[in-house]
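The data block below is data_6.cif; it holds mmCIF, C-alpha atoms and all ligand atoms.
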```cif
data_upload
loop_
_atom_site.group_PDB
_atom_site.id
_atom_site.type_symbol
_atom_site.label_atom_id
_atom_site.label_comp_id
_atom_site.auth_asym_id
_atom_site.auth_seq_id
_atom_site.Cartn_x
_atom_site.Cartn_y
_atom_site.Cartn_z
ATOM 1 C CA MET A 268 -4.786 34.239 -27.277
ATOM 2 C CA THR A 269 -8.479 34.523 -26.599
ATOM 3 C CA ASP A 270 -8.672 38.289 -26.241
ATOM 4 C CA THR A 271 -11.289 39.761 -28.541
ATOM 5 C CA PRO A 272 -11.226 43.230 -30.112
ATOM 6 C CA ILE A 273 -14.032 44.267 -27.723
ATOM 7 C CA GLN A 274 -11.945 43.365 -24.675
ATOM 8 C CA HIS A 275 -9.107 45.376 -26.101
ATOM 9 C CA HIS A 276 -11.463 48.272 -26.588
ATOM 10 C CA GLU A 277 -12.602 48.100 -22.964
ATOM 11 C CA THR A 278 -9.067 47.957 -21.643
ATOM 12 C CA ARG A 279 -7.927 50.772 -23.915
ATOM 13 C CA SER A 280 -10.914 52.833 -22.713
ATOM 14 C CA ASP A 281 -9.809 52.147 -19.141
ATOM 15 C CA ILE A 282 -6.367 53.543 -19.981
ATOM 16 C CA CYS A 283 -8.078 56.762 -21.174
ATOM 17 C CA GLU A 284 -10.329 56.955 -18.119
ATOM 18 C CA TYR A 285 -7.631 56.354 -15.506
ATOM 19 C CA GLY A 286 -5.299 58.706 -17.385
ATOM 20 C CA ARG A 287 -7.808 61.515 -16.906
ATOM 21 C CA GLY A 288 -8.091 60.369 -13.303
ATOM 22 C CA LEU A 289 -4.368 61.039 -12.796
ATOM 23 C CA LEU A 290 -5.039 64.719 -13.478
ATOM 24 C CA GLU A 291 -8.329 64.910 -11.544
ATOM 25 C CA ASP A 292 -6.784 63.230 -8.505
ATOM 26 C CA ASP A 293 -3.656 65.433 -8.615
ATOM 27 C CA LEU A 294 -1.414 62.428 -9.134
ATOM 28 C CA THR A 295 0.393 64.075 -12.044
ATOM 29 C CA THR A 296 0.455 67.255 -14.153
ATOM 30 C CA GLY A 297 0.440 67.847 -17.902
ATOM 31 C CA THR A 298 1.390 64.733 -19.826
ATOM 32 C CA GLY A 299 3.474 63.331 -16.933
ATOM 33 C CA GLY A 300 2.999 59.801 -15.690
ATOM 34 C CA ASN A 301 1.719 56.808 -17.632
ATOM 35 C CA LEU A 302 -0.264 53.629 -17.114
ATOM 36 C CA SER A 303 -0.766 50.222 -18.647
ATOM 37 C CA ALA A 304 -2.837 47.046 -18.401
ATOM 38 C CA ARG A 305 -2.078 43.468 -19.375
ATOM 39 C CA LEU A 306 -4.236 42.126 -22.209
ATOM 40 C CA ASP A 307 -2.848 38.593 -22.263
ATOM 41 C CA GLU A 308 0.425 36.760 -21.666
ATOM 42 C CA ASN A 309 2.168 38.573 -24.494
ATOM 43 C CA HIS A 310 0.471 41.942 -24.845
ATOM 44 C CA ILE A 311 -0.231 45.097 -22.880
ATOM 45 C CA ALA A 312 -2.096 48.340 -23.588
ATOM 46 C CA ILE A 313 -0.180 51.456 -22.492
ATOM 47 C CA SER A 314 -0.852 55.171 -22.562
ATOM 48 C CA PRO A 315 0.497 56.889 -25.680
ATOM 49 C CA SER A 316 3.397 59.315 -25.658
ATOM 50 C CA GLY A 317 2.920 63.072 -25.638
ATOM 51 C CA ILE A 318 -0.872 63.403 -25.945
ATOM 52 C CA PRO A 319 -2.752 65.331 -23.228
ATOM 53 C CA TYR A 320 -4.829 62.886 -21.174
ATOM 54 C CA GLU A 321 -8.016 64.800 -21.997
ATOM 55 C CA GLU A 322 -7.521 64.032 -25.692
ATOM 56 C CA ILE A 323 -6.605 60.336 -25.658
ATOM 57 C CA GLU A 324 -9.191 58.098 -27.349
ATOM 58 C CA PRO A 325 -9.257 54.292 -27.022
ATOM 59 C CA GLU A 326 -7.963 53.807 -30.571
ATOM 60 C CA ASP A 327 -4.939 56.000 -29.728
ATOM 61 C CA VAL A 328 -3.868 53.600 -26.983
ATOM 62 C CA PRO A 329 -1.029 51.438 -28.298
ATOM 63 C CA VAL A 330 -1.106 47.669 -27.903
ATOM 64 C CA VAL A 331 2.445 46.403 -27.496
ATOM 65 C CA ASP A 332 3.945 42.922 -27.259
ATOM 66 C CA MET A 333 6.453 41.902 -24.601
ATOM 67 C CA ASP A 334 9.343 42.768 -26.914
ATOM 68 C CA GLY A 335 8.067 46.341 -27.161
ATOM 69 C CA THR A 336 6.728 46.056 -30.719
ATOM 70 C CA VAL A 337 3.552 48.050 -31.331
ATOM 71 C CA VAL A 338 0.895 45.724 -32.765
ATOM 72 C CA SER A 339 -2.041 48.160 -32.721
ATOM 73 C CA GLY A 340 -2.422 51.936 -32.600
ATOM 74 C CA ASP A 341 -0.807 54.706 -34.672
ATOM 75 C CA ILE A 342 0.781 56.674 -31.846
ATOM 76 C CA ASP A 343 4.036 55.852 -30.079
ATOM 77 C CA PRO A 344 3.740 54.234 -26.657
ATOM 78 C CA SER A 345 4.816 56.044 -23.508
ATOM 79 C CA THR A 346 8.573 56.535 -23.303
ATOM 80 C CA GLU A 347 8.451 54.578 -20.023
ATOM 81 C CA LEU A 348 7.386 51.417 -21.913
ATOM 82 C CA PRO A 349 10.627 49.582 -20.959
ATOM 83 C CA MET A 350 9.842 50.047 -17.252
ATOM 84 C CA HIS A 351 6.260 48.785 -17.646
ATOM 85 C CA LEU A 352 7.423 45.735 -19.636
ATOM 86 C CA ALA A 353 10.106 44.944 -17.071
ATOM 87 C CA VAL A 354 7.443 44.723 -14.341
ATOM 88 C CA TYR A 355 5.098 42.498 -16.396
ATOM 89 C CA ARG A 356 7.960 40.157 -17.321
ATOM 90 C CA GLU A 357 9.179 39.831 -13.747
ATOM 91 C CA ARG A 358 5.774 39.644 -12.020
ATOM 92 C CA PRO A 359 3.402 37.378 -13.991
ATOM 93 C CA GLU A 360 0.513 38.063 -11.596
ATOM 94 C CA VAL A 361 0.592 41.802 -12.294
ATOM 95 C CA GLY A 362 -2.269 43.028 -14.489
ATOM 96 C CA GLY A 363 -1.857 46.792 -14.232
ATOM 97 C CA VAL A 364 0.977 49.297 -13.746
ATOM 98 C CA VAL A 365 0.679 52.998 -12.878
ATOM 99 C CA HIS A 366 3.480 55.573 -12.871
ATOM 100 C CA THR A 367 2.869 59.010 -11.348
ATOM 101 C CA HIS A 368 4.791 62.090 -10.266
ATOM 102 C CA SER A 369 2.430 62.665 -7.334
ATOM 103 C CA PRO A 370 3.957 65.472 -5.267
ATOM 104 C CA TYR A 371 4.109 64.191 -1.683
ATOM 105 C CA ALA A 372 5.390 60.740 -2.613
ATOM 106 C CA THR A 373 7.873 62.275 -5.047
ATOM 107 C CA THR A 374 9.146 64.489 -2.229
ATOM 108 C CA PHE A 375 10.287 61.317 -0.446
ATOM 109 C CA ALA A 376 11.651 59.957 -3.751
ATOM 110 C CA SER A 377 13.835 63.061 -4.008
ATOM 111 C CA LEU A 378 15.042 62.562 -0.428
ATOM 112 C CA GLY A 379 15.777 58.911 -1.211
ATOM 113 C CA GLU A 380 13.681 57.949 1.833
ATOM 114 C CA PRO A 381 11.288 54.993 1.906
ATOM 115 C CA ILE A 382 7.785 55.853 3.169
ATOM 116 C CA PRO A 383 7.197 53.897 6.398
ATOM 117 C CA ALA A 384 3.836 52.724 7.754
ATOM 118 C CA SER A 385 2.860 55.764 9.802
ATOM 119 C CA HIS A 386 -0.730 55.243 8.545
ATOM 120 C CA TYR A 387 -2.472 51.881 8.351
ATOM 121 C CA LEU A 388 -3.438 52.344 4.692
ATOM 122 C CA LEU A 389 0.204 51.921 3.766
ATOM 123 C CA SER A 390 -0.514 48.183 4.164
ATOM 124 C CA PHE A 391 -1.958 48.408 0.617
ATOM 125 C CA THR A 392 1.640 48.398 -0.621
ATOM 126 C CA GLY A 393 3.512 46.245 1.895
ATOM 127 C CA SER A 394 5.467 47.214 5.002
ATOM 128 C CA GLU A 395 6.867 50.387 3.406
ATOM 129 C CA VAL A 396 7.256 52.001 0.021
ATOM 130 C CA PRO A 397 10.905 51.314 -0.909
ATOM 131 C CA VAL A 398 13.093 53.542 -3.099
ATOM 132 C CA THR A 399 14.967 52.498 -6.246
ATOM 133 C CA GLU A 400 18.490 53.459 -7.148
ATOM 134 C CA TYR A 401 18.558 56.560 -9.308
ATOM 135 C CA ARG A 402 18.386 55.786 -13.025
ATOM 136 C CA THR A 403 17.638 58.050 -16.008
ATOM 137 C CA HIS A 404 13.964 58.185 -16.999
ATOM 138 C CA ALA A 405 12.766 56.192 -20.028
ATOM 139 C CA THR A 406 15.636 53.680 -19.918
ATOM 140 C CA ALA A 407 15.726 49.914 -19.510
ATOM 141 C CA GLU A 408 17.997 50.554 -16.516
ATOM 142 C CA LEU A 409 15.158 52.363 -14.723
ATOM 143 C CA GLY A 410 12.976 49.299 -15.322
ATOM 144 C CA GLU A 411 15.644 47.054 -13.793
ATOM 145 C CA ALA A 412 15.925 49.324 -10.768
ATOM 146 C CA ALA A 413 12.137 49.326 -10.312
ATOM 147 C CA VAL A 414 11.904 45.543 -10.552
ATOM 148 C CA ASP A 415 14.741 45.196 -8.019
ATOM 149 C CA ALA A 416 12.969 47.496 -5.546
ATOM 150 C CA LEU A 417 9.541 45.868 -5.998
ATOM 151 C CA GLY A 418 10.979 42.401 -5.434
ATOM 152 C CA GLU A 419 8.395 39.651 -5.221
ATOM 153 C CA SER A 420 5.892 41.292 -2.925
ATOM 154 C CA TYR A 421 5.815 45.093 -2.954
ATOM 155 C CA ASN A 422 3.025 46.751 -4.935
ATOM 156 C CA ALA A 423 4.732 50.141 -5.063
ATOM 157 C CA THR A 424 8.144 51.752 -5.149
ATOM 158 C CA LEU A 425 9.466 55.278 -5.260
ATOM 159 C CA LEU A 426 11.657 56.006 -8.287
ATOM 160 C CA ARG A 427 14.512 58.003 -6.867
ATOM 161 C CA ASN A 428 14.455 61.719 -7.830
ATOM 162 C CA HIS A 429 11.533 60.982 -10.147
ATOM 163 C CA GLY A 430 8.170 59.621 -8.950
ATOM 164 C CA VAL A 431 6.138 56.542 -8.073
ATOM 165 C CA LEU A 432 5.503 53.156 -9.674
ATOM 166 C CA THR A 433 2.682 50.846 -8.594
ATOM 167 C CA ALA A 434 1.803 47.349 -9.826
ATOM 168 C CA ASP A 435 -1.141 45.156 -8.858
ATOM 169 C CA ASP A 436 -3.569 42.493 -10.049
ATOM 170 C CA THR A 437 -5.547 44.948 -12.192
ATOM 171 C CA LEU A 438 -5.180 48.514 -13.469
ATOM 172 C CA ASP A 439 -7.952 49.524 -11.059
ATOM 173 C CA ASP A 440 -6.002 48.032 -8.135
ATOM 174 C CA ALA A 441 -2.712 49.627 -9.235
ATOM 175 C CA TYR A 442 -4.505 52.974 -9.492
ATOM 176 C CA THR A 443 -5.885 52.585 -5.967
ATOM 177 C CA VAL A 444 -2.382 51.799 -4.683
ATOM 178 C CA ALA A 445 -1.087 54.976 -6.381
ATOM 179 C CA GLN A 446 -3.760 56.965 -4.528
ATOM 180 C CA MET A 447 -2.907 55.272 -1.219
ATOM 181 C CA VAL A 448 0.821 55.908 -1.648
ATOM 182 C CA GLU A 449 0.208 59.605 -2.231
ATOM 183 C CA TYR A 450 -2.201 59.838 0.707
ATOM 184 C CA CYS A 451 0.197 58.062 3.084
ATOM 185 C CA ALA A 452 3.112 60.180 1.834
ATOM 186 C CA ARG A 453 1.124 63.322 2.553
ATOM 187 C CA ILE A 454 0.168 62.197 6.053
ATOM 188 C CA HIS A 455 3.759 61.180 6.788
ATOM 189 C CA TYR A 456 5.053 64.518 5.508
ATOM 190 C CA GLN A 457 2.549 66.446 7.604
ATOM 191 C CA ALA A 458 3.223 64.353 10.702
ATOM 192 C CA ARG A 459 6.965 64.857 10.308
ATOM 193 C CA ALA A 460 6.411 68.610 9.962
ATOM 194 C CA ILE A 461 5.004 68.928 13.485
ATOM 195 C CA GLY A 462 6.334 65.870 15.302
ATOM 196 C CA GLU A 463 7.691 62.373 15.050
ATOM 197 C CA PRO A 464 5.115 59.922 13.641
ATOM 198 C CA GLU A 465 4.815 56.500 15.230
ATOM 199 C CA ILE A 466 5.490 53.671 12.786
ATOM 200 C CA LEU A 467 3.229 50.604 12.908
ATOM 201 C CA PRO A 468 5.073 47.367 13.784
ATOM 202 C CA ASP A 469 5.543 44.594 11.219
ATOM 203 C CA ASP A 470 3.093 42.203 12.930
ATOM 204 C CA GLU A 471 0.339 44.819 12.644
ATOM 205 C CA ILE A 472 1.176 45.338 8.958
ATOM 206 C CA ASP A 473 0.861 41.564 8.464
ATOM 207 C CA ARG A 474 -2.546 41.598 10.179
ATOM 208 C CA LEU A 475 -3.698 44.534 8.025
ATOM 209 C CA SER A 476 -2.505 42.822 4.855
ATOM 210 C CA ASP A 477 -4.489 39.711 5.769
ATOM 211 C CA LYS A 478 -7.596 41.843 6.311
ATOM 212 C CA LEU A 479 -7.111 43.484 2.929
ATOM 213 C CA ASP A 480 -6.717 40.096 1.250
ATOM 214 C CA SER A 481 -9.949 38.784 2.741
ATOM 215 C CA TYR A 482 -11.717 42.066 1.932
ATOM 216 C CA GLY A 483 -10.717 41.720 -1.705
ATOM 217 C CA GLN A 484 -12.200 38.230 -2.044
HETATM 218 ZN ZN ZN B 501 8.004 59.804 -14.959
#
```

Could you render the structure from this file as structure tokens?
Amino acid sequence: MTDTPIQHHETRSDICEYGRGLLEDDLTTGTGGNLSARLDENHIAISPSGIPYEEIEPEDVPVVDMDGTVVSGDIDPSTELPMHLAVYRERPEVGGVVHTHSPYATTFASLGEPIPASHYLLSFTGSEVPVTEYRTHATAELGEAAVDALGESYNATLLRNHGVLTADDTLDDAYTVAQMVEYCARIHYQARAIGEPEILPDDEIDRLSDKLDSYGQ
């Protein structure tokens, strides 16, 4: 492939930067959550396992091929590597994947309830945020469940009794979706606490998605 070492360095730096963002934006705590970016058809960079986000340096970020073999970096990849790889294999257009334990969205994951479009920003993810079947963390089975829930078009899913997974064209986009999911989950939670939120109809979601597409171009 044409990727140069410098491009790898930039992408691995992005993994460090957005990893620290997960903490600053209250999307995860401690070493929870993980994130990755596609480098080329056969390789991704993914956050390393067990290092506090504040301490991760670009050279610590493992580069892994689609079979899960580490080709660069001395530290083991995130234990959720199988889930990340499953998404990249199934969705060739995906360039970045973010997994969080953000608290409001994870509340709905623990209820096994999809997050409906009670706020227009949910259109960042599709018509709702679906929920996977429950599968044990860090297994290939969790990856299969996530891919099933994402289907061909969703950019986010709740991992039942666990957290959130987002996937989009770039790591930056997937990170934005993770923020939007948490924001919409919080609004939906708050609205449900004092009343019954109105859910936007599908045709409005379609219109909003079209607006987002044209905004992104
Ligand atoms: Zn997790």

Please provide as a list of chain:residue names all residues within 9 Å of A:Val396, with the sequence filter that same-chain residues fewer than 3 positions apart are discarded (counting all atoms listed in the file).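 Listing them by chain and then by number gives A:Glu380, A:Pro381, A:Ile382, A:Pro383, A:Ala384, A:Leu389, A:Thr392, A:Gly393, A:Leu417, A:Tyr421, A:Asn422, A:Ala423, A:Thr424, A:Leu425, A:Val448.
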
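Comparing the minimum interatomic distances between ligand ZN 501 (chain B) and each of A:Pro370, A:Gly288, A:Gly299, A:Pro349, counting all atoms listed in the file, we find that A:Gly299 sits nearest.
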
For A:Asp435: contacts at 10 Å, all atoms listed in the file, fewer than 4 positions along chain excluded, given as a ChimeraX atom specification: /A:304,358,360-365,392,420-423,439-444

Could you list the protein, DNA and RNA residues that have any atom within 10 Å of ligand ZN 501 (chain B), counting only C-alpha atoms and all ligand atoms, and write them as a PyMOL selection string? chain A and resi 295+298-301+345-347+366-369+403-405+426+428-432

What do you get, as a ChimeraX atom specification, if you spell out every residue that the PyMOL selection byres (((chain A and resi 342) around 12) and not hetatm) selects here? /A:313-318,323-331,337-341,343-346

So which one's closest to A:Glu400, A:Ala416, A:Ala460, A:Cys451, A:Leu388? Using only C-alpha atoms, please.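 Of all the options, A:Ala416 lies closest to A:Glu400.
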
To one decimal in Å, tell me the separation between atom CA of A:Glu277 and atom CA of A:Asp292. 21.7 Å

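Counting all atoms listed in the file, the residue from A:Glu395, A:Glu449, A:Glu308, A:Asp436 that sits nearest to A:Asp469 is A:Glu395.
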
Kindly give the distance, in Å, that separates atom CA of A:Arg356 and atom CA of A:Ser476, rounded to a single decimal.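 Interatomic distance here is 24.7 Å.
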
Could you complete stretch 351-362 of chain A so that it carries all heavy atoms, and give it back as a tab-separated table (two decimals), keeping the file's coordinate frame?
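Just written: result.tsv:
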```
chain	number	residue	atom	x	y	z
A	351	HIS	N	7.51	49.55	-17.76
A	351	HIS	CA	6.26	48.78	-17.65
A	351	HIS	C	6.51	47.32	-18.03
A	351	HIS	O	6.10	46.39	-17.33
A	351	HIS	CB	5.17	49.39	-18.53
A	351	HIS	CG	4.63	50.69	-18.02
A	351	HIS	ND1	3.36	50.82	-17.50
A	351	HIS	CD2	5.19	51.93	-17.96
A	351	HIS	CE1	3.16	52.08	-17.13
A	351	HIS	NE2	4.25	52.77	-17.41
A	352	LEU	N	7.18	47.11	-19.17
A	352	LEU	CA	7.42	45.74	-19.64
A	352	LEU	C	8.27	44.95	-18.64
A	352	LEU	O	8.03	43.76	-18.41
A	352	LEU	CB	8.11	45.76	-21.01
A	352	LEU	CG	7.22	46.21	-22.18
A	352	LEU	CD1	8.05	46.29	-23.46
A	352	LEU	CD2	6.03	45.28	-22.37
A	353	ALA	N	9.24	45.63	-18.04
A	353	ALA	CA	10.11	44.94	-17.07
A	353	ALA	C	9.28	44.39	-15.92
A	353	ALA	O	9.50	43.27	-15.45
A	353	ALA	CB	11.18	45.90	-16.55
A	354	VAL	N	8.28	45.17	-15.46
A	354	VAL	CA	7.44	44.72	-14.34
A	354	VAL	C	6.58	43.53	-14.77
A	354	VAL	O	6.49	42.53	-14.05
A	354	VAL	CB	6.57	45.88	-13.82
A	354	VAL	CG1	5.61	45.38	-12.73
A	354	VAL	CG2	7.44	47.01	-13.28
A	355	TYR	N	5.96	43.61	-15.95
A	355	TYR	CA	5.10	42.50	-16.40
A	355	TYR	C	5.90	41.22	-16.60
A	355	TYR	O	5.42	40.12	-16.32
A	355	TYR	CB	4.37	42.87	-17.70
A	355	TYR	CG	3.29	43.90	-17.51
A	355	TYR	CD1	3.45	45.19	-17.99
A	355	TYR	CD2	2.10	43.59	-16.85
A	355	TYR	CE1	2.46	46.16	-17.82
A	355	TYR	CE2	1.11	44.53	-16.67
A	355	TYR	CZ	1.29	45.82	-17.16
A	355	TYR	OH	0.31	46.76	-16.98
A	356	ARG	N	7.13	41.35	-17.11
A	356	ARG	CA	7.96	40.16	-17.32
A	356	ARG	C	8.34	39.51	-15.99
A	356	ARG	O	8.34	38.28	-15.86
A	356	ARG	CB	9.24	40.54	-18.07
A	356	ARG	CG	9.04	40.78	-19.55
A	356	ARG	CD	10.41	40.80	-20.25
A	356	ARG	NE	10.38	41.69	-21.39
A	356	ARG	CZ	10.89	42.91	-21.40
A	356	ARG	NH1	11.50	43.40	-20.34
A	356	ARG	NH2	10.79	43.67	-22.47
A	357	GLU	N	8.66	40.34	-15.01
A	357	GLU	CA	9.18	39.83	-13.75
A	357	GLU	C	8.07	39.36	-12.82
A	357	GLU	O	8.28	38.48	-11.99
A	357	GLU	CB	9.99	40.95	-13.07
A	357	GLU	CG	10.92	40.48	-11.99
A	357	GLU	CD	12.08	39.64	-12.50
A	357	GLU	OE1	12.44	39.80	-13.70
A	357	GLU	OE2	12.61	38.83	-11.72
A	358	ARG	N	6.87	39.94	-12.96
A	358	ARG	CA	5.77	39.64	-12.02
A	358	ARG	C	4.56	39.18	-12.82
A	358	ARG	O	3.69	39.99	-13.17
A	358	ARG	CB	5.44	40.90	-11.20
A	358	ARG	CG	6.56	41.40	-10.27
A	358	ARG	CD	6.51	40.73	-8.91
A	358	ARG	NE	5.32	41.12	-8.21
A	358	ARG	CZ	5.25	42.16	-7.36
A	358	ARG	NH1	6.31	42.89	-7.10
A	358	ARG	NH2	4.12	42.45	-6.75
A	359	PRO	N	4.47	37.88	-13.12
A	359	PRO	CA	3.40	37.38	-13.99
A	359	PRO	C	2.00	37.65	-13.47
A	359	PRO	O	1.05	37.68	-14.25
A	359	PRO	CB	3.67	35.86	-14.04
A	359	PRO	CG	5.05	35.67	-13.55
A	359	PRO	CD	5.38	36.82	-12.67
A	360	GLU	N	1.85	37.84	-12.15
A	360	GLU	CA	0.51	38.06	-11.60
A	360	GLU	C	0.04	39.51	-11.79
A	360	GLU	O	-1.14	39.81	-11.58
A	360	GLU	CB	0.50	37.70	-10.10
A	360	GLU	CG	0.96	38.80	-9.14
A	360	GLU	CD	2.47	39.05	-9.09
A	360	GLU	OE1	3.21	38.51	-9.93
A	360	GLU	OE2	2.89	39.83	-8.21
A	361	VAL	N	0.95	40.39	-12.17
A	361	VAL	CA	0.59	41.80	-12.29
A	361	VAL	C	-0.24	42.02	-13.56
A	361	VAL	O	0.12	41.58	-14.64
A	361	VAL	CB	1.86	42.69	-12.32
A	361	VAL	CG1	1.54	44.10	-12.84
A	361	VAL	CG2	2.47	42.77	-10.92
A	362	GLY	N	-1.39	42.73	-13.37
A	362	GLY	CA	-2.27	43.03	-14.49
A	362	GLY	C	-2.35	44.50	-14.82
A	362	GLY	O	-2.93	44.88	-15.84
```
